[in-house]
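**Student:** Okay, so here is my_file.txt, and as you'll see once you scroll down, it has compact mmCIF, C-alpha atoms.
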# COMPACT_ATOMS: atom_id res chain seq x y z
CA MET A 30 -125.91 -3.56 -28.34
CA THR A 31 -127.59 -0.26 -29.06
CA ASP A 32 -131.24 0.44 -28.46
CA SER A 33 -133.58 -0.17 -31.39
CA PRO A 34 -134.46 2.98 -33.31
CA ASP A 35 -137.96 4.33 -33.47
CA VAL A 36 -137.98 3.98 -37.26
CA VAL A 37 -135.96 1.99 -39.80
CA ILE A 38 -135.95 3.37 -43.36
CA VAL A 39 -134.90 1.15 -46.24
CA GLY A 40 -133.52 3.15 -49.17
CA GLY A 41 -131.22 6.17 -49.44
CA GLY A 42 -132.88 7.99 -52.31
CA VAL A 43 -134.74 11.27 -52.00
CA VAL A 44 -137.83 9.67 -50.42
CA GLY A 45 -135.85 7.79 -47.80
CA CYS A 46 -133.63 10.78 -46.98
CA ALA A 47 -136.58 13.17 -46.81
CA THR A 48 -138.35 10.78 -44.47
CA ALA A 49 -135.26 10.62 -42.26
CA TYR A 50 -135.00 14.41 -42.26
CA PHE A 51 -138.57 15.11 -41.19
CA LEU A 52 -138.65 12.29 -38.62
CA THR A 53 -135.48 13.49 -36.91
CA ARG A 54 -136.87 17.04 -36.82
CA ASP A 55 -139.84 15.63 -34.91
CA GLY A 56 -137.57 13.90 -32.42
CA TYR A 57 -137.63 10.31 -33.67
CA SER A 58 -134.53 8.13 -33.70
CA VAL A 59 -133.87 6.85 -37.23
CA THR A 60 -131.70 4.22 -38.86
CA LEU A 61 -131.51 4.39 -42.65
CA ILE A 62 -130.29 1.30 -44.51
CA GLU A 63 -128.78 1.83 -47.95
CA ARG A 64 -127.02 -0.83 -50.01
CA ASP A 65 -124.94 1.58 -52.10
CA SER A 66 -124.74 5.27 -51.15
CA VAL A 67 -127.03 8.27 -50.85
CA ALA A 68 -128.67 9.22 -54.17
CA SER A 69 -126.53 6.74 -56.08
CA HIS A 70 -129.31 5.85 -58.51
CA ALA A 71 -132.29 7.79 -59.92
CA SER A 72 -132.45 10.39 -57.13
CA GLY A 73 -128.94 11.59 -57.90
CA PHE A 74 -129.28 11.73 -61.67
CA ALA A 75 -132.80 13.06 -62.21
CA TYR A 76 -133.75 16.38 -63.81
CA GLY A 77 -134.74 17.99 -60.51
CA GLY A 78 -137.67 19.94 -61.93
CA LEU A 79 -140.44 21.27 -59.70
CA SER A 80 -143.61 21.90 -61.69
CA PRO A 81 -146.59 21.97 -59.32
CA ILE A 82 -149.23 22.99 -61.86
CA VAL A 83 -147.83 22.01 -65.26
CA GLY A 84 -149.73 18.98 -66.51
CA ILE A 85 -152.44 19.36 -63.88
CA ILE A 86 -156.03 19.02 -65.05
CA GLU A 87 -159.33 19.91 -63.40
CA ASP A 88 -160.12 17.82 -60.29
CA ASP A 89 -156.70 16.17 -60.48
CA PRO A 90 -156.20 14.33 -57.16
CA VAL A 91 -152.47 15.09 -57.39
CA LEU A 92 -153.03 18.87 -57.16
CA PRO A 93 -153.26 19.22 -53.34
CA LEU A 94 -150.15 17.08 -52.93
CA SER A 95 -148.34 19.05 -55.61
CA GLU A 96 -149.20 22.40 -54.02
CA ALA A 97 -148.15 21.15 -50.58
CA SER A 98 -144.84 19.96 -52.04
CA GLU A 99 -144.26 23.37 -53.60
CA ALA A 100 -144.78 25.07 -50.24
CA ILE A 101 -142.45 22.62 -48.48
CA HIS A 102 -139.70 23.22 -51.05
CA ALA A 103 -139.96 26.98 -50.57
CA GLU A 104 -139.70 26.57 -46.79
CA LEU A 105 -136.84 24.07 -47.01
CA ALA A 106 -134.84 26.48 -49.16
CA LYS A 107 -134.78 28.92 -46.23
CA ARG A 108 -133.26 26.48 -43.72
CA LEU A 109 -131.93 23.26 -45.26
CA PRO A 110 -128.65 24.65 -46.68
CA ALA A 111 -127.69 25.91 -43.21
CA GLU A 112 -128.87 22.73 -41.49
CA SER A 113 -126.93 20.48 -43.86
CA GLY A 114 -123.99 22.54 -45.07
CA VAL A 115 -125.05 21.78 -48.66
CA GLU A 116 -126.18 24.43 -51.15
CA TYR A 117 -128.44 22.48 -53.50
CA GLU A 118 -129.25 25.27 -55.98
CA TYR A 119 -132.97 25.67 -55.37
CA ARG A 120 -134.39 28.39 -57.57
CA ARG A 121 -137.67 29.50 -59.05
CA LYS A 122 -137.69 29.30 -62.84
CA THR A 123 -140.45 29.94 -65.35
CA SER A 124 -141.45 26.94 -67.45
CA LEU A 125 -142.83 26.79 -70.97
CA ALA A 126 -144.82 23.72 -72.02
CA LEU A 127 -144.78 23.31 -75.81
CA ALA A 128 -147.26 21.79 -78.25
CA THR A 129 -146.17 20.36 -81.59
CA THR A 130 -149.39 18.70 -82.82
CA PRO A 131 -153.05 19.82 -83.05
CA ALA A 132 -153.96 17.31 -80.33
CA GLN A 133 -151.29 18.71 -78.02
CA VAL A 134 -152.51 22.24 -78.69
CA ASP A 135 -156.04 21.20 -77.70
CA ASP A 136 -154.80 19.52 -74.51
CA LEU A 137 -152.67 22.52 -73.60
CA MET A 138 -155.55 24.93 -74.25
CA GLU A 139 -157.87 22.84 -72.08
CA ALA A 140 -155.33 22.99 -69.25
CA TYR A 141 -154.88 26.73 -69.75
CA ASP A 142 -158.63 27.40 -69.62
CA TRP A 143 -158.79 25.77 -66.20
CA LEU A 144 -155.50 27.05 -64.82
CA LYS A 145 -156.15 30.70 -65.68
CA GLN A 146 -159.28 30.64 -63.51
CA HIS A 147 -157.47 29.21 -60.50
CA TYR A 148 -154.02 30.78 -60.92
CA LYS A 149 -154.63 34.26 -62.28
CA GLY A 150 -151.48 35.95 -63.46
CA VAL A 151 -149.46 32.74 -63.15
CA VAL A 152 -150.07 31.18 -66.57
CA GLN A 153 -149.96 32.74 -70.02
CA TRP A 154 -150.96 31.39 -73.43
CA HIS A 155 -148.52 31.86 -76.29
CA ASP A 156 -149.29 31.27 -79.95
CA GLU A 157 -146.69 30.14 -82.46
CA ALA A 158 -145.30 33.61 -83.09
CA SER A 159 -144.99 34.58 -79.43
CA VAL A 160 -143.40 31.24 -78.50
CA HIS A 161 -140.66 31.80 -81.07
CA ALA A 162 -140.27 35.40 -79.94
CA LEU A 163 -139.83 34.19 -76.36
CA GLU A 164 -137.31 31.50 -77.32
CA PRO A 165 -136.20 31.68 -80.97
CA ARG A 166 -134.29 28.40 -80.72
CA VAL A 167 -137.35 26.16 -80.44
CA GLY A 168 -138.06 24.09 -83.54
CA PRO A 169 -140.44 25.04 -86.35
CA SER A 170 -142.88 22.29 -85.36
CA VAL A 171 -143.84 24.15 -82.16
CA SER A 172 -147.22 25.80 -82.62
CA ALA A 173 -148.22 26.93 -79.10
CA GLY A 174 -147.00 27.13 -75.53
CA LEU A 175 -148.21 27.52 -71.95
CA LEU A 176 -145.98 29.67 -69.75
CA ALA A 177 -146.13 29.06 -65.99
CA ASP A 178 -144.35 31.12 -63.35
CA ARG A 179 -144.89 28.58 -60.56
CA SER A 180 -142.02 26.25 -61.37
CA GLY A 181 -138.59 25.64 -59.94
CA GLU A 182 -135.52 23.42 -59.94
CA VAL A 183 -133.02 21.79 -57.61
CA GLU A 184 -129.76 19.95 -58.22
CA PRO A 185 -131.07 16.46 -57.40
CA TYR A 186 -127.95 14.84 -55.94
CA LYS A 187 -127.13 17.84 -53.76
CA PHE A 188 -130.75 18.10 -52.60
CA THR A 189 -130.87 14.46 -51.53
CA LEU A 190 -127.47 14.78 -49.86
CA ALA A 191 -128.64 17.90 -48.01
CA LEU A 192 -131.65 16.04 -46.62
CA TRP A 193 -129.48 13.20 -45.39
CA GLN A 194 -126.70 15.34 -43.91
CA ALA A 195 -129.25 17.41 -42.00
CA ALA A 196 -130.86 14.21 -40.72
CA GLU A 197 -127.47 12.81 -39.78
CA ARG A 198 -126.55 15.99 -37.89
CA ALA A 199 -129.84 15.55 -36.00
CA GLY A 200 -128.90 12.01 -34.98
CA ALA A 201 -129.93 9.70 -37.83
CA VAL A 202 -127.66 6.71 -38.44
CA MET A 203 -126.88 5.05 -41.78
CA ARG A 204 -126.08 1.38 -42.23
CA ASN A 205 -124.44 0.39 -45.50
CA ALA A 206 -126.15 -2.95 -46.08
CA GLU A 207 -128.72 -4.76 -48.15
CA VAL A 208 -132.08 -5.77 -46.69
CA THR A 209 -133.01 -9.33 -47.64
CA GLY A 210 -136.17 -9.90 -45.61
CA VAL A 211 -138.25 -9.05 -42.57
CA THR A 212 -139.08 -10.68 -39.25
CA ARG A 213 -142.50 -10.79 -37.67
CA ALA A 214 -143.95 -10.85 -34.18
CA ALA A 215 -147.64 -11.17 -33.39
CA GLY A 216 -148.42 -10.79 -37.07
CA ASN A 217 -146.60 -7.46 -37.43
CA ILE A 218 -143.21 -6.63 -38.92
CA SER A 219 -140.73 -6.48 -36.04
CA GLY A 220 -137.42 -6.18 -37.86
CA VAL A 221 -135.51 -6.17 -41.13
CA VAL A 222 -132.95 -8.82 -42.00
CA LEU A 223 -129.63 -7.72 -43.49
CA GLY A 224 -127.52 -9.71 -45.93
CA SER A 225 -125.18 -10.62 -43.06
CA GLY A 226 -128.09 -12.19 -41.18
CA GLU A 227 -128.26 -9.38 -38.63
CA VAL A 228 -131.77 -8.29 -37.63
CA ILE A 229 -132.53 -4.63 -36.88
CA GLU A 230 -135.72 -4.15 -34.91
CA ALA A 231 -137.71 -0.93 -34.69
CA GLY A 232 -141.09 0.45 -33.80
CA ALA A 233 -141.94 1.31 -37.41
CA PHE A 234 -140.55 0.73 -40.89
CA VAL A 235 -140.52 2.78 -44.08
CA LEU A 236 -139.70 0.93 -47.28
CA ALA A 237 -138.44 3.52 -49.76
CA ALA A 238 -136.41 1.39 -52.15
CA GLY A 239 -137.89 2.71 -55.39
CA PRO A 240 -137.99 0.13 -58.18
CA TRP A 241 -136.38 -2.44 -55.88
CA MET A 242 -139.63 -2.50 -53.91
CA GLY A 243 -140.72 -5.34 -56.18
CA LYS A 244 -138.44 -7.56 -54.11
CA ALA A 245 -140.51 -6.82 -51.02
CA THR A 246 -143.41 -8.77 -52.50
CA GLU A 247 -141.99 -12.01 -51.13
CA TRP A 248 -141.17 -10.43 -47.74
CA LEU A 249 -144.61 -8.97 -47.15
CA GLY A 250 -146.88 -11.33 -49.04
CA ILE A 251 -148.32 -8.36 -50.92
CA ASP A 252 -148.26 -8.12 -54.70
CA MET A 253 -146.44 -4.91 -55.63
CA PRO A 254 -146.06 -4.76 -59.42
CA ILE A 255 -143.22 -2.22 -59.33
CA SER A 256 -140.48 -2.29 -61.93
CA PRO A 257 -137.76 0.15 -63.05
CA LEU A 258 -138.21 2.63 -65.88
CA LYS A 259 -134.91 3.86 -67.30
CA GLY A 260 -134.63 7.49 -68.33
CA GLN A 261 -131.47 8.92 -69.87
CA ILE A 262 -130.37 12.56 -69.73
CA LEU A 263 -127.85 14.50 -71.77
CA ARG A 264 -125.84 17.33 -70.21
CA LEU A 265 -124.59 19.47 -73.05
CA LYS A 266 -122.20 22.35 -73.58
CA ALA A 267 -124.33 24.48 -75.86
CA PRO A 268 -123.35 27.71 -77.63
CA GLY A 269 -125.33 30.89 -77.10
CA ASP A 270 -127.15 32.30 -74.11
CA PRO A 271 -128.68 30.07 -71.42
CA LEU A 272 -132.34 29.19 -71.81
CA ALA A 273 -134.37 31.89 -70.07
CA VAL A 274 -137.14 29.38 -69.32
CA SER A 275 -137.23 25.62 -68.87
CA LEU A 276 -138.88 23.88 -71.82
CA SER A 277 -141.04 20.75 -71.85
CA TRP A 278 -142.91 18.85 -74.54
CA SER A 279 -144.49 15.39 -74.34
CA HIS A 280 -142.12 13.52 -72.00
CA ASN A 281 -139.14 15.68 -72.90
CA TYR A 282 -137.48 18.73 -71.41
CA ALA A 283 -134.54 21.10 -71.74
CA THR A 284 -133.21 23.57 -69.20
CA THR A 285 -130.00 25.42 -68.43
CA LYS A 286 -128.75 24.54 -64.96
CA PRO A 287 -126.48 26.62 -62.69
CA ASP A 288 -123.54 24.48 -63.84
CA GLY A 289 -123.94 26.20 -67.23
CA LEU A 290 -124.87 22.97 -69.00
CA LEU A 291 -128.02 22.32 -70.98
CA TRP A 292 -129.81 19.34 -69.41
CA CYS A 293 -132.02 17.49 -71.91
CA GLY A 294 -134.17 14.40 -71.56
CA THR A 295 -135.58 11.90 -71.58
CA THR A 296 -136.16 8.31 -72.60
CA GLU A 297 -138.57 5.80 -71.07
CA GLU A 298 -137.11 2.31 -71.38
CA ARG A 299 -138.25 -1.00 -69.91
CA VAL A 300 -134.79 -2.55 -69.66
CA GLY A 301 -134.70 -3.75 -66.07
CA PHE A 302 -131.97 -2.31 -63.87
CA ASP A 303 -129.58 -1.46 -66.70
CA GLU A 304 -128.19 2.03 -65.98
CA THR A 305 -125.72 2.22 -68.87
CA PRO A 306 -125.89 5.33 -71.10
CA THR A 307 -126.45 4.25 -74.71
CA PRO A 308 -126.24 5.67 -78.24
CA TYR A 309 -129.99 4.98 -78.44
CA GLY A 310 -130.60 7.35 -75.53
CA ARG A 311 -128.37 10.03 -77.01
CA ASP A 312 -129.93 9.79 -80.46
CA THR A 313 -133.51 9.70 -79.14
CA ILE A 314 -133.03 12.83 -77.06
CA MET A 315 -131.12 14.71 -79.76
CA SER A 316 -133.80 13.97 -82.34
Would you encode the structure as structure tokens?

**Tutor:**
Amino acid sequence: MTDSPDVVIVGGGVVGCATAYFLTRDGYSVTLIERDSVASHASGFAYGGLSPIVGIIEDDPVLPLSEASEAIHAELAKRLPAESGVEYEYRRKTSLALATTPAQVDDLMEAYDWLKQHYKGVVQWHDEASVHALEPRVGPSVSAGLLADRSGEVEPYKFTLALWQAAERAGAVMRNAEVTGVTRAAGNISGVVLGSGEVIEAGAFVLAAGPWMGKATEWLGIDMPISPLKGQILRLKAPGDPLAVSLSWSHNYATTKPDGLLWCGTTEERVGFDETPTPYGRDTIMS
């Protein structure tokens, strides 16, 4: 019988693995419980874009968190590959947000007016002609763009794996199991129950199960209206030069990754936990 860990983390996606990484760095003992494998769902198949100021508006409560995340990513890039043995392809890359309708132009201009005061020299406004000069392959419907130098990218599966392998090297333990409930003592959570019936006790618990957190409603007696949102991505072999900037418009994006492929997305589908790529996803993204 081993001693109980300081912290049990439920979920092996990027949030769970990042939590394990930072806790082990601070000297805590950690057990991470994952039903499948590290980054086997959304965390391993996401776009991996880092855009701390794109989409931010004045007084946006997300801004301090976004800026802190940007700083952490820059610091992690200096040490995490060596700590984990995984090169996860972090890089800074300029992004270009595109507008295709008058309403989008107005929204983008409003964002630009605020951003240029707070991030001088970081953002640039481009009219229709200069957008097409910057990237001639954008469609004729594009009428304006906002260029931002404070953006970046990672390879999402490798990044999540790097976080976990560094945590594991620092002493974190993974259990390949499904959590089916919790135990309580004196009104507090004292342990998690595995599918086998085993109970793992700890001093603290982090539930980082993404869309599966909806299942925790019955464990905790707290209504958590969390459900999955499916997003499909195409990875394309495209002729011509790589995109010099990453492009975004509405909920869509396109960027050339270090693997040489053009990554394009995305859909937003309320289809439960279905992860199957579909012709609908392909056709929606390609259109």

**Student:** Please list as a list in words every residue within 7 Å of Arg120 in chain A, counting only C-alpha atoms and excluding residues in the same chain fewer than 3 positions away.

**Tutor:**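 Contacts, in chain order: Gly181, Glu182 and Val183 of chain A.
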
**Student:** Which residues are close to range 227-239 of chain A, i.e. within 9 Å by all atoms listed in the file, leaving aside same-chain residues fewer than 3 positions away? Reply as a PyMOL selection string.

**Tutor:** chain A and resi 33-45+48+60+63+71+211-212+218-224+242-243+245+255-257

**Student:** May I have the selected residues written with C-alpha atoms, as a tab-separated table (two decimals), keeping the file's coordinate frame?

**Tutor:**
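Dumped everything to part-v8.tsv:
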chain	number	residue	atom	x	y	z
A	33	SER	CA	-133.58	-0.17	-31.39
A	34	PRO	CA	-134.46	2.98	-33.31
A	35	ASP	CA	-137.96	4.33	-33.47
A	36	VAL	CA	-137.98	3.98	-37.26
A	37	VAL	CA	-135.96	1.99	-39.80
A	38	ILE	CA	-135.95	3.37	-43.36
A	39	VAL	CA	-134.90	1.15	-46.24
A	40	GLY	CA	-133.52	3.15	-49.17
A	41	GLY	CA	-131.22	6.17	-49.44
A	42	GLY	CA	-132.88	7.99	-52.31
A	43	VAL	CA	-134.74	11.27	-52.00
A	44	VAL	CA	-137.83	9.67	-50.42
A	45	GLY	CA	-135.85	7.79	-47.80
A	48	THR	CA	-138.35	10.78	-44.47
A	60	THR	CA	-131.70	4.22	-38.86
A	63	GLU	CA	-128.78	1.83	-47.95
A	71	ALA	CA	-132.29	7.79	-59.92
A	211	VAL	CA	-138.25	-9.05	-42.57
A	212	THR	CA	-139.08	-10.68	-39.25
A	218	ILE	CA	-143.21	-6.63	-38.92
A	219	SER	CA	-140.73	-6.48	-36.04
A	220	GLY	CA	-137.42	-6.18	-37.86
A	221	VAL	CA	-135.51	-6.17	-41.13
A	222	VAL	CA	-132.95	-8.82	-42.00
A	223	LEU	CA	-129.63	-7.72	-43.49
A	224	GLY	CA	-127.52	-9.71	-45.93
A	242	MET	CA	-139.63	-2.50	-53.91
A	243	GLY	CA	-140.72	-5.34	-56.18
A	245	ALA	CA	-140.51	-6.82	-51.02
A	255	ILE	CA	-143.22	-2.22	-59.33
A	256	SER	CA	-140.48	-2.29	-61.93
A	257	PRO	CA	-137.76	0.15	-63.05

**Student:** May I have the residues within 12 Å of range 290-299 of chain A as number ranges by chain, using all atoms listed in the file and disregarding those fewer than 6 positions away in the same chain?

**Tutor:** A: 74-78, 182, 184, 240, 255-284, 305-316

**Student:** For CA of Ala128 in chain A and CA of Ser159 in chain A, quote the distance in Å rounded to one decimal.

**Tutor:** 13.0 Å

**Student:** For Trp193 in chain A, which residue out of A:Pro169, A:Gly210, A:Gly114, A:Pro287 is the nearest one, using all atoms listed in the file?

**Tutor:**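 That would be A:Gly114, the residue with the smallest distance to Trp193 in chain A.
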
**Student:** Using all atoms listed in the file, which of A:Leu144, A:Val208, A:Leu190, A:Leu175 sits nearest Ile85 in chain A?

**Tutor:**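 Of A:Leu144, A:Val208, A:Leu190, A:Leu175, the one nearest Ile85 in chain A is A:Leu144, counting all atoms listed in the file.
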
**Student:** When you draw a straight line from CA of Val167 in chain A to CA of Val134 in chain A, how long is it in Å?

**Tutor:**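 Computed distance, CA of Val167 in chain A to CA of Val134 in chain A, equals 15.8 Å.
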
**Student:** Point out the residue among A:Val67, A:Ala49, A:Ala111, A:Val83 with the least atom-to-atom distance to Leu137 in chain A, counting all atoms listed in the file.

**Tutor:**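 Nearest candidate to Leu137 in chain A out of A:Val67, A:Ala49, A:Ala111, A:Val83: A:Val83.
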
**Student:** Figure out the distance between CA of Pro90 in chain A and CA of Tyr186 in chain A, please, to one decimal in Å.

**Tutor:**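 Rounded to one decimal, the two atoms are 28.3 Å apart.
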
**Student:** When distances are computed from all atoms listed in the file, which of A:Pro185, A:Gly174, A:Pro81, A:Pro254 shows the smallest separation from Glu99 in chain A?

**Tutor:**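 Using all atoms listed in the file, Glu99 in chain A sits closest to A:Pro81.
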
**Student:** Please determine, counting all atoms listed in the file, which residue among A:Glu87, A:Ala106, A:Thr53, A:Ala206 has the shortest atom-to-atom distance to Gln146 in chain A.

**Tutor:**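 For Gln146 in chain A, the nearest of the given residues is A:Glu87.
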
**Student:** Fix up range 157-188 of chain A with N, CA and C atoms, then write it as a PDB file, keeping the file's coordinate frame.

**Tutor:**
ATOM      1  N   GLU A 157    -147.936  30.521 -81.796  1.00  0.00           N
ATOM      2  CA  GLU A 157    -146.690  30.140 -82.460  1.00  0.00           C
ATOM      3  C   GLU A 157    -145.702  31.302 -82.538  1.00  0.00           C
ATOM      4  N   ALA A 158    -146.191  32.470 -82.926  1.00  0.00           N
ATOM      5  CA  ALA A 158    -145.300  33.610 -83.090  1.00  0.00           C
ATOM      6  C   ALA A 158    -144.687  34.047 -81.759  1.00  0.00           C
ATOM      7  N   SER A 159    -145.506  34.096 -80.714  1.00  0.00           N
ATOM      8  CA  SER A 159    -144.990  34.580 -79.430  1.00  0.00           C
ATOM      9  C   SER A 159    -144.080  33.554 -78.759  1.00  0.00           C
ATOM     10  N   VAL A 160    -144.320  32.261 -79.024  1.00  0.00           N
ATOM     11  CA  VAL A 160    -143.400  31.240 -78.500  1.00  0.00           C
ATOM     12  C   VAL A 160    -142.018  31.453 -79.106  1.00  0.00           C
ATOM     13  N   HIS A 161    -141.959  31.635 -80.408  1.00  0.00           N
ATOM     14  CA  HIS A 161    -140.660  31.800 -81.070  1.00  0.00           C
ATOM     15  C   HIS A 161    -140.016  33.139 -80.736  1.00  0.00           C
ATOM     16  N   ALA A 162    -140.834  34.134 -80.398  1.00  0.00           N
ATOM     17  CA  ALA A 162    -140.270  35.400 -79.940  1.00  0.00           C
ATOM     18  C   ALA A 162    -139.663  35.248 -78.544  1.00  0.00           C
ATOM     19  N   LEU A 163    -140.312  34.428 -77.718  1.00  0.00           N
ATOM     20  CA  LEU A 163    -139.830  34.190 -76.360  1.00  0.00           C
ATOM     21  C   LEU A 163    -138.542  33.368 -76.360  1.00  0.00           C
ATOM     22  N   GLU A 164    -138.499  32.340 -77.205  1.00  0.00           N
ATOM     23  CA  GLU A 164    -137.310  31.500 -77.320  1.00  0.00           C
ATOM     24  C   GLU A 164    -137.121  31.114 -78.779  1.00  0.00           C
ATOM     25  N   PRO A 165    -136.339  31.897 -79.524  1.00  0.00           N
ATOM     26  CA  PRO A 165    -136.200  31.680 -80.970  1.00  0.00           C
ATOM     27  C   PRO A 165    -135.588  30.333 -81.339  1.00  0.00           C
ATOM     28  N   ARG A 166    -134.976  29.647 -80.395  1.00  0.00           N
ATOM     29  CA  ARG A 166    -134.290  28.400 -80.720  1.00  0.00           C
ATOM     30  C   ARG A 166    -135.195  27.177 -80.717  1.00  0.00           C
ATOM     31  N   VAL A 167    -136.461  27.323 -80.367  1.00  0.00           N
ATOM     32  CA  VAL A 167    -137.350  26.160 -80.440  1.00  0.00           C
ATOM     33  C   VAL A 167    -137.598  25.829 -81.914  1.00  0.00           C
ATOM     34  N   GLY A 168    -137.915  24.561 -82.169  1.00  0.00           N
ATOM     35  CA  GLY A 168    -138.060  24.090 -83.540  1.00  0.00           C
ATOM     36  C   GLY A 168    -139.289  24.622 -84.233  1.00  0.00           C
ATOM     37  N   PRO A 169    -139.313  24.523 -85.559  1.00  0.00           N
ATOM     38  CA  PRO A 169    -140.440  25.040 -86.350  1.00  0.00           C
ATOM     39  C   PRO A 169    -141.734  24.266 -86.142  1.00  0.00           C
ATOM     40  N   SER A 170    -141.664  23.072 -85.574  1.00  0.00           N
ATOM     41  CA  SER A 170    -142.880  22.290 -85.360  1.00  0.00           C
ATOM     42  C   SER A 170    -143.699  22.777 -84.172  1.00  0.00           C
ATOM     43  N   VAL A 171    -143.128  23.643 -83.340  1.00  0.00           N
ATOM     44  CA  VAL A 171    -143.840  24.150 -82.160  1.00  0.00           C
ATOM     45  C   VAL A 171    -144.878  25.161 -82.595  1.00  0.00           C
ATOM     46  N   SER A 172    -146.130  24.934 -82.168  1.00  0.00           N
ATOM     47  CA  SER A 172    -147.220  25.800 -82.620  1.00  0.00           C
ATOM     48  C   SER A 172    -147.920  26.543 -81.501  1.00  0.00           C
ATOM     49  N   ALA A 173    -147.609  26.225 -80.223  1.00  0.00           N
ATOM     50  CA  ALA A 173    -148.220  26.930 -79.100  1.00  0.00           C
ATOM     51  C   ALA A 173    -147.451  26.594 -77.837  1.00  0.00           C
ATOM     52  N   GLY A 174    -147.690  27.385 -76.785  1.00  0.00           N
ATOM     53  CA  GLY A 174    -147.000  27.130 -75.530  1.00  0.00           C
ATOM     54  C   GLY A 174    -147.781  27.685 -74.351  1.00  0.00           C
ATOM     55  N   LEU A 175    -147.572  27.087 -73.197  1.00  0.00           N
ATOM     56  CA  LEU A 175    -148.210  27.520 -71.950  1.00  0.00           C
ATOM     57  C   LEU A 175    -147.095  27.888 -70.975  1.00  0.00           C
ATOM     58  N   LEU A 176    -147.015  29.161 -70.637  1.00  0.00           N
ATOM     59  CA  LEU A 176    -145.980  29.670 -69.750  1.00  0.00           C
ATOM     60  C   LEU A 176    -146.499  29.669 -68.315  1.00  0.00           C
ATOM     61  N   ALA A 177    -145.721  29.121 -67.398  1.00  0.00           N
ATOM     62  CA  ALA A 177    -146.130  29.060 -65.990  1.00  0.00           C
ATOM     63  C   ALA A 177    -145.016  29.587 -65.110  1.00  0.00           C
ATOM     64  N   ASP A 178    -145.353  30.542 -64.236  1.00  0.00           N
ATOM     65  CA  ASP A 178    -144.350  31.120 -63.350  1.00  0.00           C
ATOM     66  C   ASP A 178    -144.117  30.286 -62.093  1.00  0.00           C
ATOM     67  N   ARG A 179    -145.022  29.378 -61.788  1.00  0.00           N
ATOM     68  CA  ARG A 179    -144.890  28.580 -60.560  1.00  0.00           C
ATOM     69  C   ARG A 179    -144.129  27.280 -60.842  1.00  0.00           C
ATOM     70  N   SER A 180    -142.872  27.414 -61.153  1.00  0.00           N
ATOM     71  CA  SER A 180    -142.020  26.250 -61.370  1.00  0.00           C
ATOM     72  C   SER A 180    -140.672  26.522 -60.700  1.00  0.00           C
ATOM     73  N   GLY A 181    -139.886  25.486 -60.561  1.00  0.00           N
ATOM     74  CA  GLY A 181    -138.590  25.640 -59.940  1.00  0.00           C
ATOM     75  C   GLY A 181    -137.692  24.461 -60.254  1.00  0.00           C
ATOM     76  N   GLU A 182    -136.489  24.485 -59.708  1.00  0.00           N
ATOM     77  CA  GLU A 182    -135.520  23.420 -59.940  1.00  0.00           C
ATOM     78  C   GLU A 182    -134.613  23.255 -58.734  1.00  0.00           C
ATOM     79  N   VAL A 183    -134.101  22.068 -58.563  1.00  0.00           N
ATOM     80  CA  VAL A 183    -133.020  21.790 -57.610  1.00  0.00           C
ATOM     81  C   VAL A 183    -131.974  20.956 -58.324  1.00  0.00           C
ATOM     82  N   GLU A 184    -130.765  20.905 -57.754  1.00  0.00           N
ATOM     83  CA  GLU A 184    -129.760  19.950 -58.220  1.00  0.00           C
ATOM     84  C   GLU A 184    -130.039  18.663 -57.446  1.00  0.00           C
ATOM     85  N   PRO A 185    -130.472  17.596 -58.115  1.00  0.00           N
ATOM     86  CA  PRO A 185    -131.070  16.460 -57.400  1.00  0.00           C
ATOM     87  C   PRO A 185    -130.125  15.728 -56.444  1.00  0.00           C
ATOM     88  N   TYR A 186    -128.873  15.529 -56.852  1.00  0.00           N
ATOM     89  CA  TYR A 186    -127.950  14.840 -55.940  1.00  0.00           C
ATOM     90  C   TYR A 186    -127.694  15.689 -54.700  1.00  0.00           C
ATOM     91  N   LYS A 187    -127.419  16.963 -54.895  1.00  0.00           N
ATOM     92  CA  LYS A 187    -127.130  17.840 -53.760  1.00  0.00           C
ATOM     93  C   LYS A 187    -128.345  17.975 -52.845  1.00  0.00           C
ATOM     94  N   PHE A 188    -129.543  17.998 -53.418  1.00  0.00           N
ATOM     95  CA  PHE A 188    -130.750  18.100 -52.600  1.00  0.00           C
ATOM     96  C   PHE A 188    -130.911  16.873 -51.712  1.00  0.00           C
TER      97      PHE A 188
END
